$ cat work_31.cif   # mmCIF, C-alpha atoms
data_protein
loop_
_atom_site.label_atom_id
_atom_site.label_comp_id
_atom_site.auth_asym_id
_atom_site.auth_seq_id
_atom_site.Cartn_x
_atom_site.Cartn_y
_atom_site.Cartn_z
CA MET A 1 25.23 4.61 23.90
CA ASP A 2 28.59 6.39 23.82
CA ALA A 3 27.88 10.04 24.55
CA ARG A 4 31.12 11.09 22.90
CA LYS A 5 29.85 9.83 19.56
CA ASN A 6 26.80 12.01 19.96
CA ARG A 7 28.41 15.12 21.39
CA ARG A 8 28.24 18.28 19.31
CA SER A 9 31.28 20.56 19.40
CA LEU A 10 30.76 24.27 19.64
CA ALA A 11 33.30 25.37 17.08
CA GLY A 12 35.37 28.45 17.63
CA SER A 13 34.27 29.33 21.14
CA THR A 14 35.40 28.79 24.67
CA ALA A 15 33.59 26.25 26.79
CA ASN A 16 30.45 27.04 28.68
CA ALA A 17 29.03 24.54 31.14
CA LEU A 18 25.57 23.07 31.33
CA ARG A 19 24.27 21.48 34.45
CA THR A 20 21.44 19.05 34.32
CA SER A 21 20.23 16.55 36.82
CA GLY A 22 17.56 13.92 37.11
CA PRO A 23 16.87 10.30 38.00
CA ARG A 24 19.71 7.92 37.20
CA PRO A 25 20.57 4.34 38.17
CA ASP A 26 21.66 5.14 41.67
CA PRO A 27 24.12 2.99 43.64
CA THR A 28 24.43 5.86 46.12
CA ALA A 29 20.69 6.17 46.74
CA GLU A 30 20.87 4.74 50.22
CA ALA A 31 23.43 7.37 51.16
CA GLY A 32 21.22 10.13 49.76
CA CYS A 33 23.67 11.59 47.23
CA LEU A 34 22.44 14.00 44.58
CA TYR A 35 23.48 13.40 40.98
CA ARG A 36 24.85 16.39 39.12
CA PHE A 37 26.43 16.82 35.75
CA ILE A 38 28.23 19.44 33.72
CA LEU A 39 28.37 18.93 30.00
CA SER A 40 30.12 21.53 27.94
CA PRO A 41 30.48 23.36 25.58
CA ASP A 42 26.82 22.87 24.63
CA SER A 43 25.06 25.21 27.02
CA THR A 44 23.60 28.55 26.07
CA HIS A 45 23.63 31.68 28.21
CA ARG A 46 21.16 34.53 28.36
CA PRO A 47 22.45 38.03 29.13
CA GLY A 48 23.58 38.29 32.71
CA GLY A 49 24.99 34.81 32.73
CA ARG A 50 21.68 32.97 33.20
CA ARG A 51 21.31 29.86 31.15
CA GLY A 52 18.64 29.69 28.51
CA PRO A 53 17.03 26.61 26.99
CA PRO A 54 18.97 24.72 24.33
CA SER A 55 18.11 25.53 20.75
CA PRO A 56 15.68 23.05 19.14
CA ARG A 57 18.11 22.83 16.22
CA HIS A 58 20.99 22.04 18.55
CA PRO A 59 19.77 19.89 21.43
CA PRO A 60 22.19 19.03 24.21
CA PRO A 61 24.14 15.79 23.84
CA PRO A 62 22.79 12.64 25.47
CA LEU A 63 23.64 12.30 29.13
CA ARG A 64 25.56 9.36 30.44
CA ALA A 65 24.51 7.69 33.66
CA GLU A 66 27.22 8.46 36.19
CA ALA A 67 27.61 6.65 39.48
CA ALA A 68 28.55 9.89 41.20
CA PRO A 69 27.48 13.45 41.89
CA ASN A 70 29.72 14.77 39.16
CA ILE A 71 30.90 18.03 37.64
CA ILE A 72 32.53 17.14 34.33
CA LEU A 73 34.91 19.45 32.48
CA ASN A 74 33.95 18.48 28.97
CA ASN A 75 35.80 20.46 26.34
CA PRO A 76 38.65 18.07 25.52
CA ARG A 77 39.23 19.72 22.14
CA LYS A 78 40.49 22.78 24.05
CA ARG A 79 42.14 20.70 26.78
CA ASN A 80 39.37 21.66 29.22
CA ALA A 81 40.79 25.16 29.52
CA LEU A 82 39.37 27.37 32.27
CA SER A 83 37.97 30.12 30.11
CA LEU A 84 36.06 32.87 31.86
CA SER A 85 32.76 31.30 30.83
CA MET A 86 33.89 27.89 32.09
CA LEU A 87 34.93 29.40 35.42
CA GLN A 88 31.60 31.22 35.76
CA SER A 89 29.70 28.02 35.03
CA LEU A 90 31.85 26.06 37.45
CA ARG A 91 31.10 28.61 40.15
CA GLU A 92 27.36 28.34 39.47
CA ASP A 93 27.39 24.57 39.55
CA LEU A 94 29.38 24.36 42.75
CA LEU A 95 26.72 26.53 44.40
CA HIS A 96 23.72 24.79 42.85
CA ASP A 97 21.62 23.00 45.51
CA VAL A 98 24.48 23.46 47.96
CA LYS A 99 21.97 23.80 50.83
CA SER A 100 20.09 20.66 49.84
CA LYS A 101 20.32 17.81 52.33
CA ASP A 102 20.63 15.47 49.35
CA LEU A 103 23.87 17.03 48.16
CA ARG A 104 26.58 15.35 50.16
CA VAL A 105 29.71 15.30 48.00
CA ILE A 106 30.86 16.76 44.68
CA ILE A 107 33.29 15.09 42.30
CA ILE A 108 35.10 17.13 39.65
CA SER A 109 36.29 15.07 36.68
CA ALA A 110 37.10 15.67 33.03
CA GLU A 111 36.80 14.21 29.56
CA GLY A 112 39.84 13.53 27.41
CA PRO A 113 43.55 13.01 28.11
CA VAL A 114 43.98 16.43 29.77
CA PHE A 115 42.18 17.00 33.06
CA CYS A 116 42.64 20.75 32.72
CA SER A 117 45.29 22.84 30.99
CA GLY A 118 44.64 26.00 33.01
CA HIS A 119 43.52 29.35 31.67
CA ASP A 120 42.59 29.85 28.03
CA LEU A 121 45.66 31.78 26.86
CA LYS A 122 43.73 33.34 23.97
CA GLU A 123 41.77 35.26 26.60
CA LEU A 124 45.01 36.56 28.09
CA SER A 125 46.49 37.93 24.89
CA SER A 126 47.29 41.61 24.50
CA GLU A 127 44.20 41.96 22.33
CA ASP A 128 42.04 41.94 25.45
CA ASP A 129 42.11 44.75 27.97
CA VAL A 130 43.40 44.74 31.54
CA LYS A 131 39.85 44.82 32.91
CA HIS A 132 39.09 41.52 31.22
CA HIS A 133 42.34 39.96 32.44
CA SER A 134 41.53 41.04 35.99
CA ARG A 135 38.07 39.53 35.72
CA VAL A 136 39.48 36.15 34.63
CA PHE A 137 41.82 35.91 37.61
CA GLU A 138 39.24 37.28 40.05
CA VAL A 139 36.65 34.68 39.08
CA CYS A 140 39.29 31.95 39.18
CA ALA A 141 40.22 32.95 42.73
CA GLU A 142 36.51 32.96 43.68
CA VAL A 143 36.10 29.41 42.36
CA MET A 144 39.21 28.08 44.11
CA THR A 145 38.24 29.57 47.46
CA LEU A 146 34.61 28.55 47.01
CA ILE A 147 35.65 24.90 46.81
CA GLN A 148 36.92 25.10 50.37
CA LYS A 149 34.00 27.22 51.61
CA ILE A 150 31.07 25.11 50.47
CA PRO A 151 29.78 22.72 53.13
CA VAL A 152 30.36 19.43 51.30
CA PRO A 153 33.62 17.65 50.45
CA VAL A 154 34.89 18.18 46.91
CA ILE A 155 36.88 15.38 45.26
CA ALA A 156 39.05 15.82 42.16
CA LYS A 157 39.06 12.68 40.00
CA VAL A 158 42.12 13.17 37.81
CA ASN A 159 42.89 11.03 34.79
CA GLY A 160 45.46 12.92 32.76
CA LEU A 161 47.50 16.10 32.73
CA ALA A 162 46.68 18.98 35.09
CA THR A 163 48.68 22.14 34.45
CA ALA A 164 48.74 25.74 35.72
CA ALA A 165 45.23 26.68 36.94
CA GLY A 166 44.24 23.06 36.30
CA CYS A 167 46.86 22.00 38.83
CA GLN A 168 45.55 24.77 41.07
CA LEU A 169 42.07 23.25 40.80
CA VAL A 170 43.36 19.86 41.96
CA ALA A 171 45.28 21.43 44.84
CA SER A 172 42.19 23.39 45.92
CA CYS A 173 39.95 20.33 46.22
CA ASP A 174 39.54 18.65 49.58
CA ILE A 175 40.53 15.23 48.23
CA ALA A 176 42.21 14.23 44.97
CA VAL A 177 42.32 10.74 43.46
CA ALA A 178 44.55 10.32 40.43
CA SER A 179 45.25 7.60 37.90
CA GLU A 180 48.81 6.41 37.47
CA LYS A 181 49.11 8.21 34.13
CA SER A 182 48.29 11.62 35.60
CA GLN A 183 50.85 14.43 35.74
CA PHE A 184 50.87 17.84 37.41
CA ALA A 185 52.77 20.95 36.38
CA THR A 186 52.90 24.74 36.58
CA PRO A 187 54.69 25.58 33.32
CA GLY A 188 53.71 29.25 33.10
CA VAL A 189 57.30 30.35 33.61
CA ASN A 190 58.14 28.79 30.24
CA ILE A 191 55.82 31.19 28.39
CA GLY A 192 56.57 34.27 30.47
CA LEU A 193 53.57 34.07 32.79
CA PHE A 194 54.64 32.87 36.23
CA CYS A 195 51.96 30.74 37.92
CA SER A 196 51.48 33.10 40.85
CA THR A 197 47.83 32.27 41.56
CA PRO A 198 48.35 28.50 41.25
CA ALA A 199 51.23 29.00 43.70
CA VAL A 200 48.71 29.94 46.39
CA ALA A 201 47.10 26.49 46.30
CA LEU A 202 50.36 24.65 45.63
CA GLY A 203 52.16 26.38 48.48
CA ARG A 204 49.42 25.22 50.84
CA SER A 205 49.48 21.63 49.59
CA LEU A 206 53.15 20.89 48.95
CA PRO A 207 56.41 21.39 50.82
CA ARG A 208 57.81 24.80 49.93
CA LYS A 209 60.86 23.57 48.04
CA VAL A 210 58.82 21.11 45.97
CA ALA A 211 56.30 23.81 45.08
CA LEU A 212 59.03 26.27 44.14
CA GLU A 213 60.85 23.73 41.97
CA MET A 214 57.59 23.16 40.08
CA LEU A 215 57.04 26.91 39.73
CA PHE A 216 60.63 27.77 38.77
CA THR A 217 61.18 24.96 36.26
CA GLY A 218 57.74 24.10 34.93
CA GLU A 219 58.71 20.43 35.11
CA PRO A 220 55.83 18.03 35.89
CA LEU A 221 55.34 15.78 38.87
CA SER A 222 54.32 12.21 38.17
CA ALA A 223 51.26 10.85 39.93
CA GLN A 224 53.45 8.96 42.39
CA GLU A 225 55.53 12.06 43.11
CA ALA A 226 52.33 14.05 43.62
CA LEU A 227 51.18 11.42 46.09
CA MET A 228 54.50 11.38 47.92
CA HIS A 229 54.44 15.18 48.37
CA GLY A 230 50.74 15.42 49.28
CA LEU A 231 49.23 17.01 46.18
CA VAL A 232 46.88 14.04 45.73
CA SER A 233 45.32 11.64 48.22
CA LYS A 234 45.56 8.38 46.28
CA VAL A 235 47.01 7.02 43.05
CA VAL A 236 45.36 4.02 41.41
CA PRO A 237 45.46 2.23 38.04
CA GLU A 238 43.33 3.97 35.43
CA ASP A 239 40.76 1.18 35.40
CA LYS A 240 40.32 1.51 39.18
CA LEU A 241 39.92 5.30 39.27
CA GLU A 242 36.12 5.36 39.17
CA GLU A 243 35.85 2.56 41.73
CA GLU A 244 38.21 4.22 44.21
CA THR A 245 36.61 7.64 43.83
CA MET A 246 33.17 6.17 44.40
CA LYS A 247 34.42 4.21 47.40
CA ILE A 248 35.46 7.49 49.03
CA SER A 249 32.22 9.16 47.95
CA HIS A 250 30.10 6.37 49.45
CA LYS A 251 31.98 6.59 52.73
CA ILE A 252 31.43 10.36 52.92
CA CYS A 253 27.73 9.87 52.25
CA GLU A 254 27.43 7.63 55.30
CA SER A 255 28.09 10.61 57.60
CA SER A 256 25.97 13.58 58.65
CA LYS A 257 26.16 16.50 56.24
CA SER A 258 25.88 19.01 59.08
CA VAL A 259 28.73 17.41 61.02
CA LEU A 260 30.95 17.24 57.94
CA ALA A 261 30.14 20.86 57.08
CA LEU A 262 31.15 21.99 60.55
CA GLY A 263 34.31 19.90 60.43
CA LYS A 264 35.36 21.11 56.98
CA ALA A 265 34.90 24.77 57.85
CA THR A 266 36.78 24.31 61.11
CA PHE A 267 39.68 22.52 59.46
CA TYR A 268 40.37 25.35 57.04
CA ARG A 269 39.94 28.00 59.75
CA GLN A 270 42.39 26.38 62.15
CA MET A 271 45.01 25.93 59.42
CA THR A 272 45.48 29.71 59.31
CA GLN A 273 45.93 30.06 63.07
CA ASP A 274 48.80 29.47 65.47
CA LEU A 275 48.72 26.39 67.69
CA ASP A 276 47.16 27.98 70.78
CA ALA A 277 44.49 29.82 68.81
CA ALA A 278 43.71 26.70 66.79
CA TYR A 279 43.14 24.62 69.92
CA LYS A 280 41.04 27.33 71.54
CA MET A 281 38.82 27.61 68.49
CA THR A 282 38.47 23.86 67.86
CA THR A 283 37.73 23.19 71.54
CA GLN A 284 34.68 25.42 71.25
CA VAL A 285 33.70 23.78 67.96
CA MET A 286 33.75 20.35 69.62
CA VAL A 287 31.34 21.68 72.22
CA ASP A 288 29.16 23.19 69.49
CA ASN A 289 29.23 19.88 67.61
CA LEU A 290 27.77 18.15 70.67
CA THR A 291 24.79 20.51 70.62
CA LEU A 292 23.83 19.47 67.09
CA ARG A 293 20.99 17.02 66.71
CA ASP A 294 23.28 14.73 64.69
CA GLY A 295 26.07 15.10 67.23
CA GLN A 296 23.87 13.56 69.91
CA GLU A 297 22.28 11.07 67.50
CA GLY A 298 25.67 9.64 66.61
CA ILE A 299 26.68 9.17 70.23
CA GLU A 300 23.32 7.63 71.17
CA ALA A 301 23.47 5.26 68.19
CA PHE A 302 26.99 4.15 69.17
CA ILE A 303 25.95 3.49 72.77
CA GLN A 304 22.81 1.64 71.62
CA LYS A 305 24.80 -0.33 69.02
CA ARG A 306 22.61 0.75 66.12
CA LYS A 307 23.07 2.63 62.88
CA PRO A 308 22.57 6.40 63.29
CA VAL A 309 19.67 8.10 61.56
CA TRP A 310 21.03 11.46 60.44
CA SER A 311 18.88 14.54 60.10
CA HIS A 312 21.65 16.41 58.20
CA SER A 313 20.30 19.48 59.97
CA GLN A 314 22.10 22.35 61.66
CA ASP A 315 19.42 22.28 64.34
CA GLU A 316 20.43 21.76 67.93
CA LYS A 317 19.28 18.80 69.97
CA LYS A 318 16.14 19.74 71.92
#

$ encode --input "work_31.cif" --output "structure tokens"
Amino acid sequence: MDARKNRRSLAGSTANALRTSGPRPDPTAEAGCLYRFILSPDSTHRPGGRRGPPSPRHPPPPLRAEAAPNIILNNPRKRNALSLSMLQSLREDLLHDVKSKDLRVIIISAEGPVFCSGHDLKELSSEDDVKHHSRVFEVCAEVMTLIQKIPVPVIAKVNGLATAAGCQLVASCDIAVASEKSQFATPGVNIGLFCSTPAVALGRSLPRKVALEMLFTGEPLSAQEALMHGLVSKVVPEDKLEEETMKISHKICESSKSVLALGKATFYRQMTQDLDAAYKMTTQVMVDNLTLRDGQEGIEAFIQKRKPVWSHSQDEKK
């Protein structure tokens, strides 16, 4: 059944996100991946940001089986704008079950022709106060940095336009796979709001002059240009996007979660250091990696010519 035909729109409000999970046809079961979903804007929130049960009169839309642990931006009517409520929900869902051994990779995708248009400009109008504006950008920064801090790889699966904070979201992910029709832009300058926070992620993903041309002109990069300059990892035909994203996801799930977590954290730490400091720090991390149970298991399995049996634990080898 097509979920889009059964999806209820929440008229006149910004998108909230609802996470639900449960048994699904599971091609990643052998790798131990956890399924996760975000469907929006059909969730409800109790005071304090905690989600309440859906109203009996307005049940949530049917879930689609997804062959991935997936966070889905699902408010295409509003171009999947990152409203404050959407950002808060995204933060919650990134953290949900993050310590579970079953959670091994997260994929962020979107419904509709726009992956994400950035902030909801209605929230940034002069009608709202400075305190609210500050909160929007603070939570956005928390989400973008959280993506790189959580211990599992995060993949952006992009099939459409990603602009402003939406482009920032793509740049903040560890890996990004895009369809050929995708485009990327930071057009804030055209409406008098320079994309200064997206520039943080862009400036760390793209060559400086490419990033500045995007920021100064607002002109989009094609998918192929984004690939050439390093904003995305791969570009594939639209009908191959799911297959390629899942191929990467499967490969990640073959490895130890604890080893990947250590490696991801170390990668981002060393990127901020000079060469000598980076080598000093990573040398110690290599030694620490060897003390992990999975560090020794992998080496023993290689020597014994067998498949490793990962514990996914941070425990040291006894």

$ closest_residue --input "work_31.cif" --among "A:Cys116, A:Met228, A:Ala301, A:Val235" --to "Ser205 of chain A" --atoms "only C-alpha atoms"
A:Met228

$ residues_around --input "work_31.cif" --residues "segment 166-183 of chain A" --least-positions-apart "4" --cutoff "9 Å" --atoms "only C-alpha atoms" --output "PyMOL selection string"
chain A and resi 80-82+108+113-119+143-145+147-148+153-162+197-202+204-206+220-224+226-227+231-241+244-245+264

$ write_last_selection --input "work_31.cif" --atoms "C-alpha atoms" --output "CSV table (one decimal), in the coordinates of the input"
chain,number,residue,atom,x,y,z
A,80,ASN,CA,39.4,21.7,29.2
A,81,ALA,CA,40.8,25.2,29.5
A,82,LEU,CA,39.4,27.4,32.3
A,108,ILE,CA,35.1,17.1,39.6
A,113,PRO,CA,43.6,13.0,28.1
A,114,VAL,CA,44.0,16.4,29.8
A,115,PHE,CA,42.2,17.0,33.1
A,116,CYS,CA,42.6,20.8,32.7
A,117,SER,CA,45.3,22.8,31.0
A,118,GLY,CA,44.6,26.0,33.0
A,119,HIS,CA,43.5,29.4,31.7
A,143,VAL,CA,36.1,29.4,42.4
A,144,MET,CA,39.2,28.1,44.1
A,145,THR,CA,38.2,29.6,47.5
A,147,ILE,CA,35.6,24.9,46.8
A,148,GLN,CA,36.9,25.1,50.4
A,153,PRO,CA,33.6,17.6,50.4
A,154,VAL,CA,34.9,18.2,46.9
A,155,ILE,CA,36.9,15.4,45.3
A,156,ALA,CA,39.0,15.8,42.2
A,157,LYS,CA,39.1,12.7,40.0
A,158,VAL,CA,42.1,13.2,37.8
A,159,ASN,CA,42.9,11.0,34.8
A,160,GLY,CA,45.5,12.9,32.8
A,161,LEU,CA,47.5,16.1,32.7
A,162,ALA,CA,46.7,19.0,35.1
A,197,THR,CA,47.8,32.3,41.6
A,198,PRO,CA,48.4,28.5,41.2
A,199,ALA,CA,51.2,29.0,43.7
A,200,VAL,CA,48.7,29.9,46.4
A,201,ALA,CA,47.1,26.5,46.3
A,202,LEU,CA,50.4,24.6,45.6
A,204,ARG,CA,49.4,25.2,50.8
A,205,SER,CA,49.5,21.6,49.6
A,206,LEU,CA,53.2,20.9,49.0
A,220,PRO,CA,55.8,18.0,35.9
A,221,LEU,CA,55.3,15.8,38.9
A,222,SER,CA,54.3,12.2,38.2
A,223,ALA,CA,51.3,10.8,39.9
A,224,GLN,CA,53.4,9.0,42.4
A,226,ALA,CA,52.3,14.0,43.6
A,227,LEU,CA,51.2,11.4,46.1
A,231,LEU,CA,49.2,17.0,46.2
A,232,VAL,CA,46.9,14.0,45.7
A,233,SER,CA,45.3,11.6,48.2
A,234,LYS,CA,45.6,8.4,46.3
A,235,VAL,CA,47.0,7.0,43.0
A,236,VAL,CA,45.4,4.0,41.4
A,237,PRO,CA,45.5,2.2,38.0
A,238,GLU,CA,43.3,4.0,35.4
A,239,ASP,CA,40.8,1.2,35.4
A,240,LYS,CA,40.3,1.5,39.2
A,241,LEU,CA,39.9,5.3,39.3
A,244,GLU,CA,38.2,4.2,44.2
A,245,THR,CA,36.6,7.6,43.8
A,264,LYS,CA,35.4,21.1,57.0

$ resolve_selection --input "work_31.cif" --expression "the PyMOL selection byres ((chain A and resi 287-298) around 9)" --output "list of chain:residue names"
A:Ser256, A:Ser258, A:Val259, A:Leu262, A:Gly263, A:Thr282, A:Thr283, A:Gln284, A:Val285, A:Met286, A:Ile299, A:Glu300, A:Ala301, A:Phe302, A:Ile303, A:Lys307, A:Pro308, A:Val309, A:Trp310, A:Ser311, A:His312, A:Ser313, A:Gln314, A:Asp315, A:Glu316, A:Lys317, A:Lys318

$ resolve_selection --input "work_31.cif" --expression "the PyMOL selection byres ((chain A and resi 139) around 12)" --output "short mmCIF file (atom, residue, chain, number, x, y, z; two decimals) with C-alpha atoms, keeping the file's coordinate frame"
data_model
loop_
_atom_site.label_atom_id
_atom_site.label_comp_id
_atom_site.auth_asym_id
_atom_site.auth_seq_id
_atom_site.Cartn_x
_atom_site.Cartn_y
_atom_site.Cartn_z
CA LEU A 82 39.37 27.37 32.27
CA SER A 83 37.97 30.12 30.11
CA LEU A 84 36.06 32.87 31.86
CA SER A 85 32.76 31.30 30.83
CA MET A 86 33.89 27.89 32.09
CA LEU A 87 34.93 29.40 35.42
CA GLN A 88 31.60 31.22 35.76
CA SER A 89 29.70 28.02 35.03
CA LEU A 90 31.85 26.06 37.45
CA ARG A 91 31.10 28.61 40.15
CA GLU A 92 27.36 28.34 39.47
CA HIS A 119 43.52 29.35 31.67
CA HIS A 132 39.09 41.52 31.22
CA HIS A 133 42.34 39.96 32.44
CA SER A 134 41.53 41.04 35.99
CA ARG A 135 38.07 39.53 35.72
CA VAL A 136 39.48 36.15 34.63
CA PHE A 137 41.82 35.91 37.61
CA GLU A 138 39.24 37.28 40.05
CA CYS A 140 39.29 31.95 39.18
CA ALA A 141 40.22 32.95 42.73
CA GLU A 142 36.51 32.96 43.68
CA VAL A 143 36.10 29.41 42.36
CA MET A 144 39.21 28.08 44.11
CA THR A 145 38.24 29.57 47.46
CA LEU A 146 34.61 28.55 47.01
CA ALA A 165 45.23 26.68 36.94
CA THR A 197 47.83 32.27 41.56
#

$ atom_distance --input "work_31.cif" --atom1 "atom CA of Leu94 of chain A" --atom2 "atom CA of Leu73 of chain A"
12.7 Å

$ atom_distance --input "work_31.cif" --atom1 "atom CA of Lys99 of chain A" --atom2 "atom CA of Lys149 of chain A"
12.5 Å

$ atom_distance --input "work_31.cif" --atom1 "atom CA of Leu103 of chain A" --atom2 "atom CA of Ile71 of chain A"
12.7 Å
